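Text of the file my_file_17.txt, holding compact mmCIF, C-alpha atoms and all ligand atoms:
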# COMPACT_ATOMS: atom_id res chain seq x y z
CA MET W 1199 -35.48 -75.13 4.09
CA LYS W 1200 -37.53 -73.35 6.75
CA LEU W 1201 -35.90 -70.16 7.97
CA VAL W 1202 -36.88 -67.36 10.32
CA LEU W 1203 -35.32 -63.90 10.14
CA ILE W 1204 -35.52 -61.77 13.27
CA GLY W 1205 -34.20 -58.34 14.19
CA CYS W 1206 -35.46 -54.94 15.24
CA PRO W 1207 -37.51 -52.81 12.84
CA GLY W 1208 -35.15 -51.43 10.20
CA ALA W 1209 -32.51 -54.14 10.71
CA GLY W 1210 -32.86 -55.07 7.02
CA LYS W 1211 -35.02 -58.21 7.39
CA GLY W 1212 -37.15 -57.44 4.33
CA THR W 1213 -34.18 -56.64 2.09
CA GLN W 1214 -32.19 -59.70 3.15
CA ALA W 1215 -35.26 -61.99 3.07
CA LYS W 1216 -35.84 -61.07 -0.61
CA ILE W 1217 -32.18 -61.85 -1.44
CA LEU W 1218 -32.26 -65.18 0.44
CA SER W 1219 -35.59 -66.09 -1.16
CA ASN W 1220 -34.07 -65.60 -4.66
CA HIS W 1221 -30.82 -67.35 -3.75
CA PHE W 1222 -32.34 -70.47 -2.17
CA LYS W 1223 -35.54 -70.46 -4.34
CA ILE W 1224 -37.78 -70.45 -1.31
CA ALA W 1225 -40.84 -68.33 -0.59
CA HIS W 1226 -40.51 -65.00 1.20
CA ILE W 1227 -43.29 -64.60 3.76
CA SER W 1228 -43.52 -61.16 5.32
CA THR W 1229 -46.32 -60.90 7.88
CA GLY W 1230 -46.08 -57.09 7.56
CA ASP W 1231 -46.81 -57.45 3.80
CA LEU W 1232 -49.71 -59.84 4.50
CA LEU W 1233 -51.18 -57.22 6.85
CA ARG W 1234 -50.60 -54.37 4.38
CA ASP W 1235 -52.34 -56.45 1.65
CA GLU W 1236 -55.34 -56.81 3.98
CA ILE W 1237 -55.34 -53.03 4.56
CA LYS W 1238 -55.40 -52.43 0.78
CA LEU W 1239 -58.62 -54.50 0.58
CA LYS W 1240 -60.26 -51.87 2.83
CA THR W 1241 -62.17 -54.50 4.81
CA ASP W 1242 -63.27 -53.90 8.45
CA LEU W 1243 -60.36 -56.12 9.47
CA GLY W 1244 -58.00 -54.06 7.27
CA LEU W 1245 -59.16 -50.85 8.95
CA LYS W 1246 -58.57 -52.31 12.41
CA ILE W 1247 -55.11 -53.52 11.37
CA SER W 1248 -54.10 -50.14 9.93
CA THR W 1249 -54.85 -48.36 13.24
CA ILE W 1250 -52.63 -50.82 15.11
CA ILE W 1251 -49.75 -50.69 12.61
CA GLU W 1252 -49.81 -46.89 12.44
CA ALA W 1253 -49.43 -46.79 16.24
CA GLY W 1254 -46.41 -49.10 16.01
CA GLU W 1255 -48.12 -51.78 18.13
CA LEU W 1256 -48.44 -55.51 17.43
CA VAL W 1257 -51.50 -56.97 15.71
CA SER W 1258 -53.17 -59.80 17.69
CA ASP W 1259 -51.63 -63.28 17.50
CA GLU W 1260 -55.00 -64.62 16.33
CA ILE W 1261 -55.19 -62.38 13.23
CA ILE W 1262 -51.55 -63.01 12.30
CA GLU W 1263 -51.85 -66.78 12.74
CA GLN W 1264 -54.92 -66.85 10.50
CA LEU W 1265 -53.11 -64.97 7.73
CA LEU W 1266 -49.96 -67.09 8.08
CA SER W 1267 -51.88 -70.39 8.08
CA LYS W 1268 -53.50 -69.38 4.77
CA ARG W 1269 -50.24 -68.14 3.19
CA ILE W 1270 -48.30 -71.29 4.04
CA LEU W 1271 -50.67 -73.38 1.90
CA ASN W 1272 -49.53 -71.51 -1.18
CA GLN W 1273 -47.71 -73.60 -3.78
CA ASP W 1274 -44.56 -71.42 -3.62
CA CYS W 1275 -43.90 -72.62 -0.02
CA LYS W 1276 -43.45 -76.26 -0.98
CA ASN W 1277 -39.60 -75.97 -1.25
CA GLY W 1278 -39.41 -74.01 1.97
CA PHE W 1279 -39.72 -70.41 3.05
CA ILE W 1280 -38.14 -67.55 4.89
CA LEU W 1281 -40.30 -65.89 7.50
CA ASP W 1282 -39.77 -62.15 7.89
CA GLY W 1283 -41.58 -60.47 10.80
CA TYR W 1284 -42.88 -63.60 12.50
CA PRO W 1285 -42.63 -64.58 15.33
CA ARG W 1286 -42.83 -61.22 17.15
CA ASN W 1287 -43.32 -62.59 20.68
CA VAL W 1288 -42.70 -65.81 22.62
CA SER W 1289 -46.28 -67.02 22.27
CA GLN W 1290 -46.02 -66.78 18.43
CA ALA W 1291 -42.68 -68.60 18.59
CA GLU W 1292 -44.26 -71.39 20.63
CA ASN W 1293 -47.18 -71.71 18.18
CA LEU W 1294 -45.06 -71.57 15.04
CA PRO W 1295 -44.30 -75.34 14.66
CA SER W 1296 -48.03 -76.13 14.79
CA ILE W 1297 -48.59 -73.80 11.80
CA VAL W 1298 -45.53 -74.45 9.61
CA GLY W 1299 -43.67 -77.44 11.11
CA GLN W 1300 -40.16 -77.44 12.61
CA ILE W 1301 -37.89 -74.52 11.76
CA ASP W 1302 -34.32 -75.27 10.53
CA LYS W 1303 -32.57 -72.05 11.50
CA VAL W 1304 -33.32 -68.64 12.98
CA ILE W 1305 -31.14 -65.74 11.92
CA LEU W 1306 -30.84 -62.65 14.07
CA ILE W 1307 -29.74 -59.51 12.20
CA SER W 1308 -28.24 -57.23 14.86
CA VAL W 1309 -28.27 -53.45 14.51
CA ASP W 1310 -27.93 -50.92 17.29
CA ASP W 1311 -30.99 -48.73 18.06
CA SER W 1312 -28.91 -45.57 17.49
CA ILE W 1313 -28.62 -46.41 13.77
CA ILE W 1314 -32.24 -47.40 13.26
CA ILE W 1315 -34.08 -44.07 13.32
CA GLU W 1316 -31.86 -42.53 10.62
CA ARG W 1317 -32.10 -45.72 8.56
CA MET W 1318 -35.87 -45.84 8.72
CA SER W 1319 -36.62 -42.21 7.99
CA GLY W 1320 -34.81 -42.64 4.64
CA ARG W 1321 -36.50 -45.91 3.78
CA ARG W 1322 -38.77 -46.02 0.71
CA SER W 1323 -40.60 -48.90 -0.94
CA CYS W 1324 -42.23 -49.42 -4.31
CA SER W 1325 -46.02 -49.03 -4.21
CA LYS W 1326 -46.36 -51.85 -6.74
CA CYS W 1327 -43.61 -54.50 -6.41
CA GLY W 1328 -42.45 -53.76 -2.84
CA GLN W 1329 -38.77 -53.29 -3.80
CA MET W 1330 -36.97 -51.48 -0.96
CA TYR W 1331 -34.68 -48.42 -1.27
CA HIS W 1332 -32.91 -45.95 1.00
CA ILE W 1333 -32.58 -42.34 -0.12
CA ASN W 1334 -28.85 -42.27 0.90
CA TYR W 1335 -27.56 -45.86 1.05
CA ASN W 1336 -29.49 -47.54 -1.72
CA PRO W 1337 -31.15 -44.85 -3.85
CA PRO W 1338 -33.20 -45.56 -6.98
CA LYS W 1339 -31.72 -44.42 -10.31
CA VAL W 1340 -34.50 -41.83 -10.69
CA ASN W 1341 -35.63 -40.05 -7.54
CA GLY W 1342 -38.98 -41.41 -6.26
CA VAL W 1343 -39.31 -44.04 -9.00
CA CYS W 1344 -38.79 -47.82 -8.74
CA ASP W 1345 -35.88 -49.19 -10.85
CA MET W 1346 -37.72 -52.49 -11.34
CA CYS W 1347 -41.21 -51.44 -12.46
CA ASN W 1348 -41.18 -47.61 -12.75
CA SER W 1349 -43.88 -47.25 -10.10
CA LYS W 1350 -43.96 -44.55 -7.45
CA LEU W 1351 -41.90 -45.00 -4.25
CA LEU W 1352 -43.64 -44.40 -0.93
CA GLN W 1353 -42.63 -43.95 2.69
CA ARG W 1354 -44.52 -46.23 5.08
CA ASN W 1355 -46.81 -44.40 7.55
CA ASP W 1356 -45.14 -46.28 10.42
CA ASP W 1357 -41.60 -45.19 9.44
CA THR W 1358 -41.87 -41.72 11.02
CA PRO W 1359 -39.46 -41.08 13.98
CA ASP W 1360 -42.12 -41.16 16.78
CA ILE W 1361 -43.68 -44.39 15.54
CA VAL W 1362 -40.25 -45.95 14.99
CA LYS W 1363 -39.38 -45.17 18.65
CA ASN W 1364 -42.51 -47.04 19.76
CA ARG W 1365 -41.77 -49.94 17.41
CA LEU W 1366 -38.30 -50.23 18.97
CA LEU W 1367 -39.85 -50.26 22.45
CA VAL W 1368 -42.28 -52.98 21.38
CA TYR W 1369 -39.35 -54.92 19.88
CA HIS W 1370 -37.31 -54.79 23.11
CA ASN W 1371 -40.29 -55.66 25.32
CA SER W 1372 -42.08 -58.31 23.26
CA THR W 1373 -39.84 -59.57 20.48
CA SER W 1374 -36.30 -59.71 21.90
CA PRO W 1375 -37.21 -62.49 24.42
CA ILE W 1376 -37.51 -64.84 21.43
CA ILE W 1377 -33.72 -64.55 20.99
CA ASP W 1378 -33.17 -66.56 24.19
CA PHE W 1379 -36.05 -68.87 23.25
CA TYR W 1380 -34.26 -69.87 20.02
CA LYS W 1381 -30.78 -69.86 21.61
CA SER W 1382 -31.99 -72.45 24.09
CA LYS W 1383 -33.18 -74.59 21.16
CA ASN W 1384 -29.79 -74.22 19.47
CA LEU W 1385 -31.36 -72.73 16.34
CA LEU W 1386 -29.99 -69.19 16.49
CA LEU W 1387 -27.36 -67.71 14.16
CA GLU W 1388 -26.41 -64.07 14.65
CA ILE W 1389 -25.02 -61.72 12.03
CA ASP W 1390 -24.04 -58.05 12.08
CA GLY W 1391 -26.61 -56.00 10.13
CA VAL W 1392 -24.44 -52.89 9.75
CA GLY W 1393 -22.66 -52.39 6.45
CA ASN W 1394 -23.14 -52.91 2.76
CA ILE W 1395 -26.29 -54.86 1.74
CA ASP W 1396 -24.36 -57.26 -0.54
CA ASP W 1397 -21.69 -57.95 2.10
CA ILE W 1398 -24.38 -58.73 4.67
CA SER W 1399 -26.21 -61.11 2.34
CA LYS W 1400 -22.94 -62.87 1.49
CA THR W 1401 -22.20 -63.34 5.21
CA LEU W 1402 -25.77 -64.58 5.69
CA ILE W 1403 -25.58 -67.13 2.89
CA ASP W 1404 -22.10 -68.32 3.97
CA THR W 1405 -23.26 -68.62 7.59
CA LEU W 1406 -26.32 -70.63 6.57
CA GLN W 1407 -24.31 -72.92 4.30
CA GLY W 1408 -21.67 -73.39 7.03
CA ALA W 1409 -24.38 -74.26 9.55
CA LYS W 1410 -25.94 -77.05 7.46
P1 LIG W 1501 -42.98 -55.16 9.35
O1 LIG W 1501 -43.34 -54.92 7.94
O2 LIG W 1501 -42.50 -56.55 9.63
O3 LIG W 1501 -42.09 -54.11 9.95
O4 LIG W 1501 -44.37 -55.07 10.18
C1 LIG W 1501 -45.12 -53.86 10.22
C2 LIG W 1501 -46.12 -53.92 11.36
O5 LIG W 1501 -47.03 -55.02 11.14
C3 LIG W 1501 -45.54 -54.17 12.74
O6 LIG W 1501 -45.06 -52.98 13.35
C4 LIG W 1501 -46.76 -54.74 13.47
O7 LIG W 1501 -47.69 -53.72 13.78
C5 LIG W 1501 -47.39 -55.61 12.38
N1 LIG W 1501 -46.88 -57.00 12.41
C6 LIG W 1501 -46.10 -57.62 11.47
N2 LIG W 1501 -45.83 -58.89 11.82
C7 LIG W 1501 -46.45 -59.07 13.02
C8 LIG W 1501 -46.52 -60.18 13.92
N3 LIG W 1501 -45.89 -61.34 13.67
N4 LIG W 1501 -47.26 -60.03 15.05
C9 LIG W 1501 -47.90 -58.87 15.32
N5 LIG W 1501 -47.86 -57.78 14.52
C10 LIG W 1501 -47.14 -57.87 13.39
Rewrite the structure from the file as structure tokens, please.
Ligand code: AMP
Amino acid sequence: MKLVLIGCPGAGKGTQAKILSNHFKIAHISTGDLLRDEIKLKTDLGLKISTIIEAGELVSDEIIEQLLSKRILNQDCKNGFILDGYPRNVSQAENLPSIVGQIDKVILISVDDSIIIERMSGRRSCSKCGQMYHINYNPPKVNGVCDMCNSKLLQRNDDTPDIVKNRLLVYHNSTSPIIDFYKSKNLLLEIDGVGNIDDISKTLIDTLQGAK
């Protein structure tokens, strides 16, 4: 099973990708996480990447494709995977089959821009295991602490309102054209990303099973 999850920043791709990855026993590949791992290594490349991410811009196709090509060789991808955050433009979508083979389905999680800024300013993630929370809609049991591993929760540097506005602009200019690209290939499924996390994942799983 080779799936792609697309949607604007804050649509819930990461949260739903984790749930789908557990449900279907397939790898979760987040290109944003791959980039953040590189930043943690404090290499020259990591430094360059962090400047781009903190401005809300896209990292070059070349860097992303290198990281993805390496990740896909990992043993956990042998049953399939769910891609979260890739492709982010038409050129990446065109190159994708040469890196990972043919994709089975592409799921678009739709959320209106007006909801996104409020959603993202309350978003927190675990500094250790990456588990996602929202201070209002999905709070941890203890404020600022991960339920799973007791590590500290952090807000991403690129989740501040000004950077989120730029990320939405980049999404509409560069990423949204891939919706038509996948529609024309008859691969696109669209689901509403507003509502309860569990309800959305149920709809997602049902839609995928119905589309087999
Ligand atoms: P995400 O965690 O998916 O929201 O990604 C965070 C940031 O990483 C994005 O705003 C981009 O700067 C960068 N990024 C992630 N995936 C890609 C990609 N496929 N192409 C270019 N930049 C990316």
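Using all atoms listed in the file as the basis for the distance check, residues found within 6 Å of ligand LIG 1501 (chain W) are W:Pro1207, W:Thr1229, W:Gly1230, W:Asp1231, W:Ile1250, W:Ile1251, W:Gly1254, W:Glu1255, W:Leu1256, W:Val1257, W:Ser1258, W:Asp1259, W:Ile1262, W:Gly1283, W:Tyr1284, W:Pro1285, W:Arg1286.
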Please enclose the listed atoms of segment 1254-1269 of chain W in an axis-aligned box, pad each side by 4 Å, and write out the centre and the three edge lengths in Å, rounded to one decimal, as AutoDock Vina command-line options.
--center_x -50.8 --center_y -59.7 --center_z 10.7 --size_x 16.8 --size_y 29.3 --size_z 22.9
Quick one: everything within 8 Å of segment 1304-1308 of chain W, counting only C-alpha atoms, minus sequence neighbours fewer than 3 positions away in the same chain. Send it as a PyMOL selection string. chain W and resi 1201-1206+1209-1211+1301+1377+1380+1385-1392
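Between atom CA of Asn1277 of chain W and atom CA of Ile1224 of chain W the interatomic distance comes to 5.8 Å.
Nearest to Leu1266 of chain W of all the residues W:Asn1336, W:Thr1373, W:Ser1296, W:Thr1358 is W:Ser1296, counting all atoms listed in the file.
The gap separating atom CA of Asp1235 of chain W from atom CA of Gln1353 of chain W is 15.9 Å, in Å to one decimal.
Going from atom CA of Ile1315 of chain W to atom CA of Thr1401 of chain W covers 24.0 Å.
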For Ile1333 of chain W, find every residue with an atom within 7 Å (counting all atoms listed in the file), except residues of its own chain fewer than 3 positions away, and show them as a ChimeraX atom specification. /W:1320-1321,1336-1337
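Among the candidate residues W:Ala1409, W:Leu1281, W:Ile1237, W:Ile1247, the one lying nearest to Val1298 of chain W is W:Leu1281, with distances computed using only C-alpha atoms.
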Pick out the closest residue to Ser1248 of chain W from this set: W:Ile1270, W:Ile1261, W:Ile1314, W:Leu1233. Count all atoms listed in the file. W:Leu1233
